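Here is the file work.txt (compact mmCIF, C-alpha atoms).
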```txt
# COMPACT_ATOMS: atom_id res chain seq x y z
CA MET Q 577 38.30 30.42 -23.30
CA ILE Q 578 35.92 27.75 -22.14
CA ASN Q 579 32.43 29.11 -21.97
CA LYS Q 580 29.55 26.63 -21.62
CA ILE Q 581 27.03 29.35 -20.88
CA VAL Q 582 24.17 29.57 -23.33
CA ALA Q 583 21.95 32.64 -23.25
CA ARG Q 584 18.55 31.03 -23.76
CA VAL Q 585 16.94 27.65 -23.16
CA GLU Q 586 15.86 27.51 -26.84
CA GLN Q 587 19.54 27.52 -27.90
CA ALA Q 588 20.46 25.02 -25.24
CA VAL Q 589 18.08 22.34 -26.61
CA ALA Q 590 18.05 23.33 -30.30
CA ASP Q 591 19.94 20.29 -31.62
CA ILE Q 592 18.11 17.50 -29.76
CA LYS Q 593 17.33 14.87 -32.38
CA ASP Q 594 14.27 12.69 -32.88
CA GLY Q 595 14.77 9.29 -31.25
CA SER Q 596 17.03 10.63 -28.51
CA THR Q 597 17.28 9.17 -25.03
CA ILE Q 598 16.88 12.05 -22.58
CA LEU Q 599 17.77 11.76 -18.91
CA VAL Q 600 15.58 14.08 -16.86
CA GLY Q 601 16.63 15.01 -13.34
CA GLY Q 602 14.32 15.46 -10.39
CA PHE Q 603 12.57 13.44 -7.72
CA GLY Q 604 8.93 14.38 -8.05
CA THR Q 605 9.08 18.14 -8.50
CA ALA Q 606 12.33 18.71 -6.52
CA GLY Q 607 15.05 19.27 -9.10
CA MET Q 608 12.68 19.02 -12.06
CA PRO Q 609 14.16 21.15 -14.89
CA TYR Q 610 10.85 22.75 -15.91
CA GLU Q 611 12.21 25.43 -18.20
CA LEU Q 612 14.43 23.01 -20.16
CA ILE Q 613 11.52 20.61 -20.60
CA ASP Q 614 9.29 23.42 -21.84
CA ALA Q 615 12.03 24.28 -24.33
CA VAL Q 616 12.12 20.65 -25.54
CA ILE Q 617 8.35 20.75 -25.99
CA ALA Q 618 8.69 23.88 -28.11
CA GLN Q 619 11.66 22.43 -29.99
CA GLY Q 620 9.55 19.48 -31.17
CA ALA Q 621 11.89 16.44 -30.98
CA LYS Q 622 9.85 13.24 -31.10
CA ASP Q 623 10.11 9.46 -30.66
CA LEU Q 624 11.96 10.13 -27.41
CA THR Q 625 12.98 7.77 -24.62
CA ILE Q 626 12.81 9.49 -21.25
CA VAL Q 627 14.70 8.32 -18.16
CA CYS Q 628 13.37 9.90 -14.97
CA ASN Q 629 12.55 8.66 -11.48
CA ASN Q 630 8.88 9.54 -11.88
CA ALA Q 631 6.56 9.83 -14.87
CA GLY Q 632 5.48 13.40 -14.39
CA ASN Q 633 3.41 15.30 -11.86
CA GLY Q 634 0.31 17.35 -12.59
CA ASP Q 635 0.20 18.95 -16.02
CA THR Q 636 3.54 20.73 -16.12
CA GLY Q 637 7.19 19.72 -16.63
CA LEU Q 638 7.63 16.09 -17.72
CA ALA Q 639 3.85 15.55 -17.67
CA ALA Q 640 3.46 18.31 -20.28
CA LEU Q 641 6.10 16.65 -22.48
CA LEU Q 642 4.33 13.28 -22.19
CA LYS Q 643 1.08 14.97 -23.19
CA THR Q 644 2.57 15.89 -26.58
CA LYS Q 645 2.78 12.10 -27.29
CA ARG Q 646 6.34 12.54 -28.48
CA VAL Q 647 7.68 10.16 -25.86
CA ARG Q 648 7.82 6.56 -27.05
CA LYS Q 649 9.18 5.01 -23.89
CA ILE Q 650 9.82 5.95 -20.29
CA ILE Q 651 12.29 4.27 -17.95
CA CYS Q 652 11.51 5.07 -14.32
CA SER Q 653 11.16 3.63 -10.83
CA PHE Q 654 7.87 5.10 -9.69
CA PRO Q 655 5.50 6.16 -12.47
CA ARG Q 656 2.25 5.89 -10.55
CA GLN Q 657 1.56 8.78 -8.19
CA SER Q 658 -1.54 10.63 -7.06
CA ASP Q 659 -0.87 13.32 -9.68
CA SER Q 660 0.47 11.22 -12.58
CA TRP Q 661 -2.80 11.31 -14.54
CA VAL Q 662 -1.13 12.24 -17.84
CA PHE Q 663 1.13 9.18 -17.74
CA ASP Q 664 -1.62 6.90 -16.38
CA GLU Q 665 -3.91 7.70 -19.31
CA LEU Q 666 -1.20 7.21 -21.94
CA TYR Q 667 -0.14 3.93 -20.34
CA ARG Q 668 -3.65 2.53 -20.13
CA ALA Q 669 -4.26 3.53 -23.75
CA GLY Q 670 -1.08 1.66 -24.76
CA GLU Q 671 0.48 4.86 -26.06
CA ILE Q 672 3.68 4.71 -24.03
CA GLU Q 673 6.09 1.91 -23.25
CA LEU Q 674 7.16 1.58 -19.59
CA GLU Q 675 10.30 0.01 -18.13
CA VAL Q 676 10.15 -0.09 -14.33
CA VAL Q 677 13.57 -0.16 -12.65
CA PRO Q 678 14.19 -0.21 -8.87
CA GLN Q 679 15.29 3.28 -7.85
CA GLY Q 680 18.79 2.32 -6.72
CA ASN Q 681 19.37 0.22 -9.83
CA LEU Q 682 18.25 3.18 -11.92
CA ALA Q 683 20.81 5.40 -10.17
CA GLU Q 684 23.57 2.80 -10.41
CA ARG Q 685 22.86 2.00 -14.08
CA LEU Q 686 23.27 5.71 -14.80
CA ARG Q 687 26.41 5.81 -12.68
CA ALA Q 688 27.80 2.81 -14.58
CA ALA Q 689 27.15 4.58 -17.88
CA GLY Q 690 28.97 7.66 -16.66
CA ALA Q 691 31.83 5.66 -15.18
CA GLY Q 692 32.44 3.47 -18.21
CA VAL Q 693 31.36 0.30 -16.46
CA GLY Q 694 30.05 -2.31 -18.93
CA ALA Q 695 27.62 -3.98 -16.52
CA PHE Q 696 27.41 -4.81 -12.85
CA PHE Q 697 25.82 -7.33 -10.50
CA SER Q 698 23.21 -5.84 -8.15
CA PRO Q 699 21.48 -7.64 -5.28
CA THR Q 700 18.42 -5.41 -5.69
CA GLY Q 701 15.53 -7.15 -7.41
CA TYR Q 702 17.00 -10.65 -7.22
CA GLY Q 703 14.22 -13.23 -7.25
CA THR Q 704 11.59 -10.69 -8.34
CA LEU Q 705 9.66 -9.97 -11.53
CA LEU Q 706 11.97 -7.05 -12.27
CA ALA Q 707 15.01 -9.31 -12.56
CA GLY Q 708 13.50 -10.54 -15.83
CA ASP Q 709 15.58 -13.25 -17.46
CA ARG Q 710 18.89 -11.50 -16.91
CA GLU Q 711 21.93 -13.44 -15.76
CA THR Q 712 22.22 -14.07 -12.02
CA ARG Q 713 25.23 -15.03 -9.96
CA ASN Q 714 25.98 -15.99 -6.40
CA ILE Q 715 29.08 -14.15 -5.20
CA ASP Q 716 30.37 -14.91 -1.71
CA GLY Q 717 26.97 -16.19 -0.65
CA ARG Q 718 24.88 -13.29 -1.92
CA ASP Q 719 22.66 -13.44 -5.00
CA TYR Q 720 22.95 -10.79 -7.71
CA VAL Q 721 21.33 -9.84 -11.01
CA LEU Q 722 23.30 -8.48 -13.97
CA GLU Q 723 22.40 -4.87 -14.72
CA PHE Q 724 23.41 -2.81 -17.72
CA PRO Q 725 24.22 0.89 -17.98
CA ILE Q 726 21.73 3.50 -19.17
CA HIS Q 727 23.39 6.00 -21.49
CA GLY Q 728 21.73 9.28 -22.39
CA ASP Q 729 22.10 11.27 -25.56
CA VAL Q 730 21.02 14.28 -23.53
CA ALA Q 731 20.59 15.03 -19.82
CA LEU Q 732 18.37 17.86 -18.59
CA ILE Q 733 19.30 18.89 -15.08
CA LYS Q 734 18.45 21.61 -12.62
CA ALA Q 735 21.12 22.98 -10.26
CA LEU Q 736 21.36 25.99 -8.01
CA LYS Q 737 24.52 27.67 -9.31
CA GLY Q 738 27.05 27.06 -12.03
CA ASP Q 739 30.04 28.75 -13.61
CA ARG Q 740 31.21 28.98 -17.22
CA TRP Q 741 33.27 25.81 -16.87
CA GLY Q 742 30.12 23.91 -15.90
CA ASN Q 743 30.91 23.38 -12.23
CA LEU Q 744 27.67 22.93 -10.30
CA VAL Q 745 26.25 23.12 -6.81
CA TYR Q 746 22.74 21.95 -6.06
CA ARG Q 747 20.12 22.80 -3.48
CA LYS Q 748 19.22 20.32 -0.69
CA THR Q 749 17.37 17.18 -1.82
CA ALA Q 750 16.85 18.72 -5.27
CA ARG Q 751 20.33 17.32 -5.99
CA ASN Q 752 18.93 13.76 -6.29
CA PHE Q 753 19.69 12.38 -9.80
CA GLY Q 754 21.52 15.47 -11.11
CA PRO Q 755 25.15 14.47 -10.47
CA VAL Q 756 24.76 10.90 -11.80
CA MET Q 757 22.76 11.90 -14.85
CA ALA Q 758 25.31 14.60 -15.66
CA THR Q 759 27.95 11.88 -16.00
CA ALA Q 760 25.79 9.56 -18.10
CA ALA Q 761 24.87 11.72 -21.09
CA LYS Q 762 26.83 12.86 -24.14
CA ASN Q 763 25.21 16.27 -23.93
CA THR Q 764 24.42 17.45 -20.40
CA ILE Q 765 22.34 20.61 -20.36
CA VAL Q 766 21.88 22.34 -17.03
CA GLN Q 767 19.54 25.07 -15.93
CA VAL Q 768 20.73 27.02 -12.93
CA ASP Q 769 19.12 29.73 -10.86
CA GLU Q 770 22.31 31.72 -11.13
CA VAL Q 771 25.52 31.74 -13.14
CA VAL Q 772 28.45 32.85 -11.03
CA GLU Q 773 32.00 33.98 -11.85
CA LEU Q 774 34.69 31.34 -12.23
CA GLY Q 775 36.20 30.92 -8.77
CA ALA Q 776 33.05 31.90 -6.92
CA LEU Q 777 32.14 28.27 -6.17
CA ASP Q 778 34.13 26.64 -3.38
CA PRO Q 779 36.04 23.80 -5.09
CA GLU Q 780 35.45 21.69 -1.95
CA ALA Q 781 31.71 22.08 -2.40
CA VAL Q 782 31.37 21.52 -6.15
CA ALA Q 783 29.00 18.53 -6.54
CA THR Q 784 29.33 18.16 -10.31
CA PRO Q 785 32.73 19.02 -11.81
CA GLY Q 786 32.40 20.93 -15.06
CA ILE Q 787 33.87 18.13 -17.19
CA PHE Q 788 30.45 16.43 -17.05
CA VAL Q 789 28.56 19.48 -18.31
CA GLN Q 790 28.24 20.75 -21.87
CA ARG Q 791 25.79 23.65 -21.57
CA ILE Q 792 24.56 25.90 -18.83
CA VAL Q 793 21.69 28.33 -18.96
CA ALA Q 794 20.66 30.75 -16.24
CA ILE Q 795 16.92 30.76 -15.75
CA GLY Q 796 16.91 34.00 -13.83
CA ALA Q 797 18.33 35.63 -16.98
CA GLN Q 798 15.43 34.58 -19.22
CA GLY Q 799 13.56 37.61 -20.50
CA MET N 810 -8.81 -8.75 21.38
CA LEU N 811 -6.69 -5.81 22.49
CA LYS N 812 -4.33 -4.54 19.85
CA PHE N 813 -1.46 -2.11 19.75
CA THR N 814 -2.61 1.24 18.37
CA ARG N 815 -0.62 2.79 15.54
CA GLN N 816 1.14 4.97 18.09
CA GLN N 817 1.97 2.02 20.34
CA MET N 818 3.32 0.08 17.36
CA ALA N 819 5.54 3.02 16.41
CA ALA N 820 6.77 3.40 19.97
CA ARG N 821 7.43 -0.34 20.21
CA VAL N 822 9.61 -0.31 17.08
CA ALA N 823 11.40 2.85 18.20
CA GLN N 824 12.31 1.23 21.52
CA ASP N 825 14.41 -1.38 19.65
CA ILE N 826 16.49 1.13 17.67
CA PRO N 827 19.86 1.48 19.44
CA GLU N 828 21.81 4.67 20.05
CA GLY N 829 23.97 5.61 17.09
CA SER N 830 21.91 3.80 14.47
CA TYR N 831 21.51 4.94 10.88
CA VAL N 832 17.89 4.20 10.00
CA ASN N 833 15.60 4.42 6.99
CA LEU N 834 11.88 4.54 7.72
CA GLY N 835 9.71 3.49 4.79
CA ILE N 836 6.70 5.36 3.49
CA GLY N 837 3.43 5.00 5.42
CA LEU N 838 3.18 3.49 8.89
CA PRO N 839 6.97 3.24 9.48
CA THR N 840 7.28 7.03 9.08
CA MET N 841 5.50 7.35 12.45
CA VAL N 842 8.43 5.70 14.23
CA ALA N 843 10.34 8.99 13.90
CA ASP N 844 7.94 10.60 16.39
CA TYR N 845 8.70 8.01 19.09
CA LEU N 846 12.50 7.73 19.04
CA PRO N 847 13.55 7.60 22.70
CA GLU N 848 14.91 10.86 24.15
CA GLY N 849 18.65 10.92 24.57
CA ARG N 850 19.46 8.47 21.78
CA GLU N 851 21.27 9.94 18.80
CA ILE N 852 19.70 8.23 15.79
CA VAL N 853 20.34 9.42 12.24
CA LEU N 854 17.47 9.12 9.79
CA HIS N 855 18.19 8.48 6.12
CA THR N 856 15.82 9.31 3.31
CA GLU N 857 16.76 7.70 0.03
CA ASN N 858 16.19 10.80 -2.07
CA GLY N 859 19.40 12.16 -0.59
CA LEU N 860 19.49 13.24 3.05
CA LEU N 861 21.05 11.91 6.25
CA GLY N 862 19.99 13.68 9.44
CA MET N 863 16.38 14.18 8.47
CA GLY N 864 14.35 16.18 10.96
CA PRO N 865 10.60 16.54 11.54
CA ALA N 866 8.14 18.30 9.26
CA PRO N 867 8.52 22.10 9.24
CA GLU N 868 5.86 24.41 10.59
CA LYS N 869 3.00 25.03 8.21
CA GLY N 870 3.96 27.78 5.78
CA LYS N 871 7.69 27.09 6.20
CA GLU N 872 7.89 24.18 3.75
CA ASP N 873 10.89 24.14 1.39
CA TRP N 874 10.02 21.91 -1.57
CA ASP N 875 13.70 21.31 -2.30
CA LEU N 876 13.85 19.63 1.11
CA ILE N 877 11.60 16.59 1.01
CA ASN N 878 11.53 12.94 2.04
CA ALA N 879 11.01 9.85 -0.09
CA GLY N 880 7.26 10.29 0.30
CA LYS N 881 7.68 13.78 -1.19
CA GLN N 882 6.61 15.45 2.07
CA ALA N 883 8.40 18.56 3.31
CA VAL N 884 10.96 17.79 6.05
CA THR N 885 13.82 19.58 7.79
CA ALA N 886 17.55 18.93 8.03
CA LEU N 887 19.04 18.63 11.54
CA SER N 888 22.45 19.95 12.60
CA GLY N 889 24.97 17.47 11.21
CA ALA N 890 22.83 16.65 8.20
CA SER N 891 24.29 15.93 4.76
CA PHE N 892 22.92 15.92 1.23
CA PHE N 893 24.08 13.51 -1.48
CA HIS N 894 23.06 12.22 -4.89
CA HIS N 895 21.06 9.11 -5.64
CA ALA N 896 23.93 6.77 -6.48
CA ASP N 897 25.59 7.56 -3.12
CA SER N 898 22.27 7.27 -1.33
CA PHE N 899 21.59 3.78 -2.62
CA ALA N 900 25.22 2.80 -2.02
CA MET N 901 24.50 3.48 1.65
CA MET N 902 21.68 0.95 1.43
CA ARG N 903 22.98 -1.71 -0.94
CA GLY N 904 26.46 -1.48 0.55
CA GLY N 905 25.24 -2.42 4.02
CA HIS N 906 26.00 0.92 5.70
CA LEU N 907 22.53 1.52 7.08
CA ASP N 908 21.78 -0.32 10.30
CA ILE N 909 18.02 -0.64 10.21
CA CYS N 910 15.28 -0.22 7.67
CA VAL N 911 11.61 -0.40 8.66
CA LEU N 912 9.07 -1.16 5.93
CA GLY N 913 5.38 -1.77 5.47
CA ALA N 914 4.24 -5.01 3.85
CA PHE N 915 1.39 -6.82 2.12
CA GLN N 916 2.88 -10.20 3.05
CA VAL N 917 5.92 -11.65 4.79
CA SER N 918 6.75 -15.35 4.43
CA GLN N 919 8.16 -17.69 7.04
CA LYS N 920 11.49 -17.46 5.18
CA GLY N 921 11.51 -13.68 5.42
CA ASP N 922 10.43 -13.04 1.84
CA LEU N 923 8.76 -9.66 1.47
CA ALA N 924 5.90 -8.61 -0.80
CA ASN N 925 5.07 -4.92 -0.62
CA TRP N 926 5.26 -3.33 -4.06
CA HIS N 927 2.63 -4.88 -6.30
CA THR N 928 -0.67 -6.66 -5.79
CA GLY N 929 -0.21 -8.48 -9.08
CA ALA N 930 -3.54 -7.10 -10.33
CA ALA N 931 -3.53 -7.16 -14.14
CA ASP N 932 -4.60 -3.54 -14.56
CA ALA N 933 -2.27 -2.08 -11.93
CA ILE N 934 0.48 0.22 -13.20
CA PRO N 935 3.70 -1.23 -11.74
CA ALA N 936 5.68 1.22 -9.61
CA VAL N 937 8.52 0.00 -7.43
CA GLY N 938 10.40 3.13 -6.37
CA GLY N 939 13.02 2.22 -3.78
CA ALA N 940 11.10 -0.75 -2.35
CA MET N 941 13.41 -3.45 -3.71
CA ASP N 942 16.51 -1.50 -2.73
CA LEU N 943 15.18 -0.97 0.78
CA ALA N 944 14.31 -4.66 1.12
CA ILE N 945 18.00 -5.52 0.90
CA GLY N 946 19.16 -2.10 2.05
CA ALA N 947 20.21 -2.41 5.66
CA LYS N 948 21.91 -4.76 8.09
CA LYS N 949 18.47 -5.43 9.60
CA VAL N 950 15.23 -5.01 7.69
CA TRP N 951 12.10 -4.97 9.81
CA VAL N 952 8.46 -4.93 8.85
CA MET N 953 5.75 -2.99 10.64
CA MET N 954 2.23 -4.02 9.65
CA ASP N 955 -1.18 -5.18 10.79
CA HIS N 956 -1.10 -8.88 11.62
CA VAL N 957 -3.95 -9.63 9.20
CA THR N 958 -5.75 -7.60 6.52
CA LYS N 959 -8.95 -5.66 7.20
CA GLU N 960 -10.78 -8.70 5.79
CA GLY N 961 -8.94 -10.96 8.24
CA VAL N 962 -6.66 -12.55 5.65
CA HIS N 963 -3.21 -13.72 6.83
CA LYS N 964 -0.27 -11.46 6.02
CA LEU N 965 2.31 -13.70 7.68
CA VAL N 966 2.29 -16.67 5.33
CA GLU N 967 4.19 -19.82 4.35
CA LYS N 968 4.78 -18.44 0.85
CA CYS N 969 3.94 -15.00 -0.53
CA THR N 970 1.23 -14.98 -3.19
CA TYR N 971 1.92 -11.40 -4.24
CA PRO N 972 4.99 -10.62 -6.39
CA LEU N 973 8.13 -10.50 -4.23
CA THR N 974 10.00 -7.33 -3.36
CA GLY N 975 12.93 -9.25 -1.92
CA SER N 976 13.70 -12.80 -0.83
CA ALA N 977 14.75 -13.86 2.69
CA CYS N 978 15.36 -10.24 3.61
CA ILE N 979 13.14 -9.64 6.67
CA SER N 980 14.43 -10.44 10.14
CA ARG N 981 11.60 -9.17 12.33
CA VAL N 982 7.92 -8.23 12.10
CA TYR N 983 6.20 -5.79 14.44
CA SER N 984 2.44 -6.29 14.14
CA ASP N 985 -0.48 -4.85 16.03
CA ILE N 986 -0.62 -7.96 18.23
CA ALA N 987 2.91 -9.36 18.39
CA VAL N 988 6.61 -9.10 17.66
CA ILE N 989 7.84 -11.97 15.53
CA ASP N 990 11.36 -12.95 14.56
CA VAL N 991 12.11 -14.67 11.27
CA THR N 992 14.65 -17.37 12.07
CA ARG N 993 16.27 -20.21 10.16
CA THR N 994 13.71 -22.55 11.65
CA GLY N 995 10.75 -20.32 10.86
CA LEU N 996 8.64 -17.71 12.63
CA VAL N 997 9.14 -17.23 16.37
CA CYS N 998 6.84 -15.05 18.48
CA ILE N 999 9.02 -13.16 20.96
CA GLU N 1000 6.35 -10.89 22.40
CA THR N 1001 2.60 -10.48 22.41
CA ALA N 1002 0.70 -7.23 22.88
CA PRO N 1003 -0.59 -6.79 26.45
CA GLY N 1004 -3.65 -8.98 26.95
CA VAL N 1005 -3.06 -11.00 23.78
CA GLU N 1006 -2.55 -14.76 24.14
CA PHE N 1007 0.01 -16.67 22.10
CA ALA N 1008 -2.74 -18.95 20.81
CA GLU N 1009 -4.58 -15.96 19.40
CA VAL N 1010 -1.46 -14.82 17.53
CA GLU N 1011 -0.87 -18.35 16.29
CA ALA N 1012 -4.42 -18.56 14.96
CA LEU N 1013 -3.97 -15.34 13.00
CA THR N 1014 -0.62 -16.42 11.52
CA GLY N 1015 -0.62 -18.25 8.20
CA ALA N 1016 2.55 -20.23 8.89
CA PRO N 1017 3.85 -22.35 11.77
CA LEU N 1018 4.68 -20.13 14.75
CA ALA N 1019 6.91 -21.06 17.68
CA ASP N 1020 6.46 -19.52 21.12
CA GLY N 1021 9.76 -17.87 21.97
CA ARG N 1022 8.46 -15.46 24.60
CA GLY N 1023 10.76 -15.10 27.54
CA LYS N 1024 13.63 -16.56 25.56
CA LYS N 1025 14.18 -13.34 23.68
CA ALA N 1026 17.48 -13.00 21.89
CA ALA N 1027 17.89 -9.72 19.98
```

Translate the structure of the given file into structure tokens.
Amino acid sequence: MINKIVARVEQAVADIKDGSTILVGGFGTAGMPYELIDAVIAQGAKDLTIVCNNAGNGDTGLAALLKTKRVRKIICSFPRQSDSWVFDELYRAGEIELEVVPQGNLAERLRAAGAGVGAFFSPTGYGTLLAGDRETRNIDGRDYVLEFPIHGDVALIKALKGDRWGNLVYRKTARNFGPVMATAAKNTIVQVDEVVELGALDPEAVATPGIFVQRIVAIGAQG
Amino acid sequence: MLKFTRQQMAARVAQDIPEGSYVNLGIGLPTMVADYLPEGREIVLHTENGLLGMGPAPEKGKEDWDLINAGKQAVTALSGASFFHHADSFAMMRGGHLDICVLGAFQVSQKGDLANWHTGAADAIPAVGGAMDLAIGAKKVWVMMDHVTKEGVHKLVEKCTYPLTGSACISRVYSDIAVIDVTRTGLVCIETAPGVEFAEVEALTGAPLADGRGKKAA
């Protein structure tokens, strides 16, 4: 019997290794997997590379993980926000490496990783600082920059509901990076508000098919 | 000199958005355009964090923080709305499915280059978000901005001095004193705000400006 349900967040993140690349879902606080991040903080993995749209908000969630100084590098599109003081301080002190990626390229690089695409040409960022010295090409009159996939060792994602096969549905715009990150990591760990019986999710409405998910933990069930 | 107010600028942009358009309104000033979309036109707003059919802000106290726009403000979803993940959302942009995108800008060049993400200051923390995707993310990309900075410095220029967000991507600029098209031959003023003379607009423009008023071609 396939059963990807894990009882506690501690178990779900127990084997995350030092030096891992962790994809963290969420756009700002919508879809941020707070409980999984707290579990990673408690677990103690270090020398991490984090991939997330933002670089943390306030003092909780990703910001709290950054504060432990166990994150070596962050890959994101929009680190600087009104409440990103934890990241800002680390960055100015030279204690964290930053790779800024246009938001759509970030999503597509994750998608490419999940889809087994070796690289792709994107028009976004052509002729800008963020194109770096990567290869460019003019295809049918449009200019493109070569972009490479971003693979994760682990993805931490928040969804609304899941079943024991790992099928997921999300809630409104909290879906954001969840479905693409789920495809791009070797070990996709999902926190859901509720685990439901197999068959309870409408197959037409499943946003992430269970094949992309390794572990599921219900947050409502935490003691 | 008389200038368009913020509200008049938003209404002026909204007037040019045709029935049936799929539109992304950038963070800041362009967001205001949503409040002035003409009655009776069905226009679908896209927000790049994953919603088509975005509605106005909810009543105070009824915010749902799983339902936000790209500026991370609480919004609503209209009847007919759909949610989708980021890769699909940016496919809508990059793939040329959106009709119009309206953005703010630091500078726009006579070739339609856009600078709006980075001042180039050495101590600034770079943050691009969806700016570069939006710059190339619709069939038409318009800019809505003050004609000059608060200090009176040109924002319409021959060549951008700030780092570029996209090259040759802007087709029209709505400023507080004029509407300007970016054409193959350079900048063309197609409209001036009521009471504003072409010569005044020309003087506040940092690149050659042709007078195309009355010869307007959309």

>> At a cut-off of 10 Å, which residues of chain Q touch chain N? Count all atoms listed in the file and give the answer as a ChimeraX atom specification.
In response: /Q:602-607,629-630,652-657,664,667-668,674-688,698-706,719,746-757,783

> atom CA of N:Val950 and atom CA of N:Phe1007 are how many Å apart?
Replying inline: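 About the pair atom CA of N:Val950 and atom CA of N:Phe1007: they are 24.0 Å apart.
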
> Between atom CA of Q:Asn714 and atom CA of N:Asn925, what is the spacing in Å?
Replying inline: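 Separation between atom CA of N:Asn925 and atom CA of Q:Asn714: 24.4 Å.
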
>> Report, in Å with one decimal, the straight-line distance from atom CA of Q:Lys762 to atom CA of Q:Val730.
In response: 6.0 Å

> Which residues, written as a ChimeraX atom specification, have at least one atom at most 12 Å from Q:Ile581, with all atoms listed in the file counted and residues fewer than 4 positions away on the same chain left out?
Replying inline: /Q:577,585,587-588,737-743,765-768,770-774,786,789-795,797

Write out, as a CSV table (one decimal), in the frame of the given file, the residues just selected, with C-alpha atoms.
```csv
chain,number,residue,atom,x,y,z
Q,577,MET,CA,38.3,30.4,-23.3
Q,585,VAL,CA,16.9,27.6,-23.2
Q,587,GLN,CA,19.5,27.5,-27.9
Q,588,ALA,CA,20.5,25.0,-25.2
Q,737,LYS,CA,24.5,27.7,-9.3
Q,738,GLY,CA,27.0,27.1,-12.0
Q,739,ASP,CA,30.0,28.8,-13.6
Q,740,ARG,CA,31.2,29.0,-17.2
Q,741,TRP,CA,33.3,25.8,-16.9
Q,742,GLY,CA,30.1,23.9,-15.9
Q,743,ASN,CA,30.9,23.4,-12.2
Q,765,ILE,CA,22.3,20.6,-20.4
Q,766,VAL,CA,21.9,22.3,-17.0
Q,767,GLN,CA,19.5,25.1,-15.9
Q,768,VAL,CA,20.7,27.0,-12.9
Q,770,GLU,CA,22.3,31.7,-11.1
Q,771,VAL,CA,25.5,31.7,-13.1
Q,772,VAL,CA,28.4,32.8,-11.0
Q,773,GLU,CA,32.0,34.0,-11.8
Q,774,LEU,CA,34.7,31.3,-12.2
Q,786,GLY,CA,32.4,20.9,-15.1
Q,789,VAL,CA,28.6,19.5,-18.3
Q,790,GLN,CA,28.2,20.8,-21.9
Q,791,ARG,CA,25.8,23.6,-21.6
Q,792,ILE,CA,24.6,25.9,-18.8
Q,793,VAL,CA,21.7,28.3,-19.0
Q,794,ALA,CA,20.7,30.8,-16.2
Q,795,ILE,CA,16.9,30.8,-15.8
Q,797,ALA,CA,18.3,35.6,-17.0
```

>> Which residues are close to Q:Asp623, i.e. within 12 Å by all atoms listed in the file, leaving aside same-chain residues fewer than 2 positions away? Reply as number ranges by chain.
In response: Q: 592-598, 620-621, 625-626, 641-642, 644-650, 671-673

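Minimum distance to Q:Asp614 across Q:Ala691, Q:Ala583, Q:Val589, Q:Val782 (counting only C-alpha atoms) occurs at Q:Val589.
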
> Using only C-alpha atoms, which of the listed residues (N:Val884, N:Leu965, N:Leu923, N:Val1010) sits closest to N:Ile986?
Replying inline: N:Val1010

> Neighbours of stretch 837-840 of chain N within 9 Å (all atoms listed in the file; same-chain residues fewer than 6 positions away dropped), as a count of residues only?
Replying inline: 10

>> Let me make sure I understand: among N:Asp1020, N:Glu868, N:Glu967, N:Glu1009, which one has the smallest atom-to-atom distance to N:Ile989 if we use all atoms listed in the file?
In response: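 Closest to N:Ile989 of all the choices is N:Asp1020.
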
>> Let me make sure I understand: among N:Lys968, N:Arg821, N:Lys812, N:Arg1022, which one has the smallest atom-to-atom distance to N:Val917 if we use all atoms listed in the file?
In response: N:Lys968

> So which residues are close to (15.6, 18.2, -15.8), meaning at most 9 Å away in the file's coordinates with only C-alpha atoms counted, and can you show them as a list in words?
Replying inline: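 Those residues lying close to the given coordinates are Leu599, Val600, Gly601, Gly602, Gly607, Met608, Pro609, Tyr610, Glu611, Leu612, Ile613, Cys628, Gly637, Leu638, Ala731, Leu732, Ile733, Lys734, Gly754, Ile765, Val766 and Gln767 of chain Q.
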
For those residues, write C-alpha atoms to a file as a compact mmCIF listing (two decimals), in the frame of the given file.
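Listing of part.txt after writing:
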```
# COMPACT_ATOMS: atom_id res chain seq x y z
CA LEU Q 599 17.77 11.76 -18.91
CA VAL Q 600 15.58 14.08 -16.86
CA GLY Q 601 16.63 15.01 -13.34
CA GLY Q 602 14.32 15.46 -10.39
CA GLY Q 607 15.05 19.27 -9.10
CA MET Q 608 12.68 19.02 -12.06
CA PRO Q 609 14.16 21.15 -14.89
CA TYR Q 610 10.85 22.75 -15.91
CA GLU Q 611 12.21 25.43 -18.20
CA LEU Q 612 14.43 23.01 -20.16
CA ILE Q 613 11.52 20.61 -20.60
CA CYS Q 628 13.37 9.90 -14.97
CA GLY Q 637 7.19 19.72 -16.63
CA LEU Q 638 7.63 16.09 -17.72
CA ALA Q 731 20.59 15.03 -19.82
CA LEU Q 732 18.37 17.86 -18.59
CA ILE Q 733 19.30 18.89 -15.08
CA LYS Q 734 18.45 21.61 -12.62
CA GLY Q 754 21.52 15.47 -11.11
CA ILE Q 765 22.34 20.61 -20.36
CA VAL Q 766 21.88 22.34 -17.03
CA GLN Q 767 19.54 25.07 -15.93
```
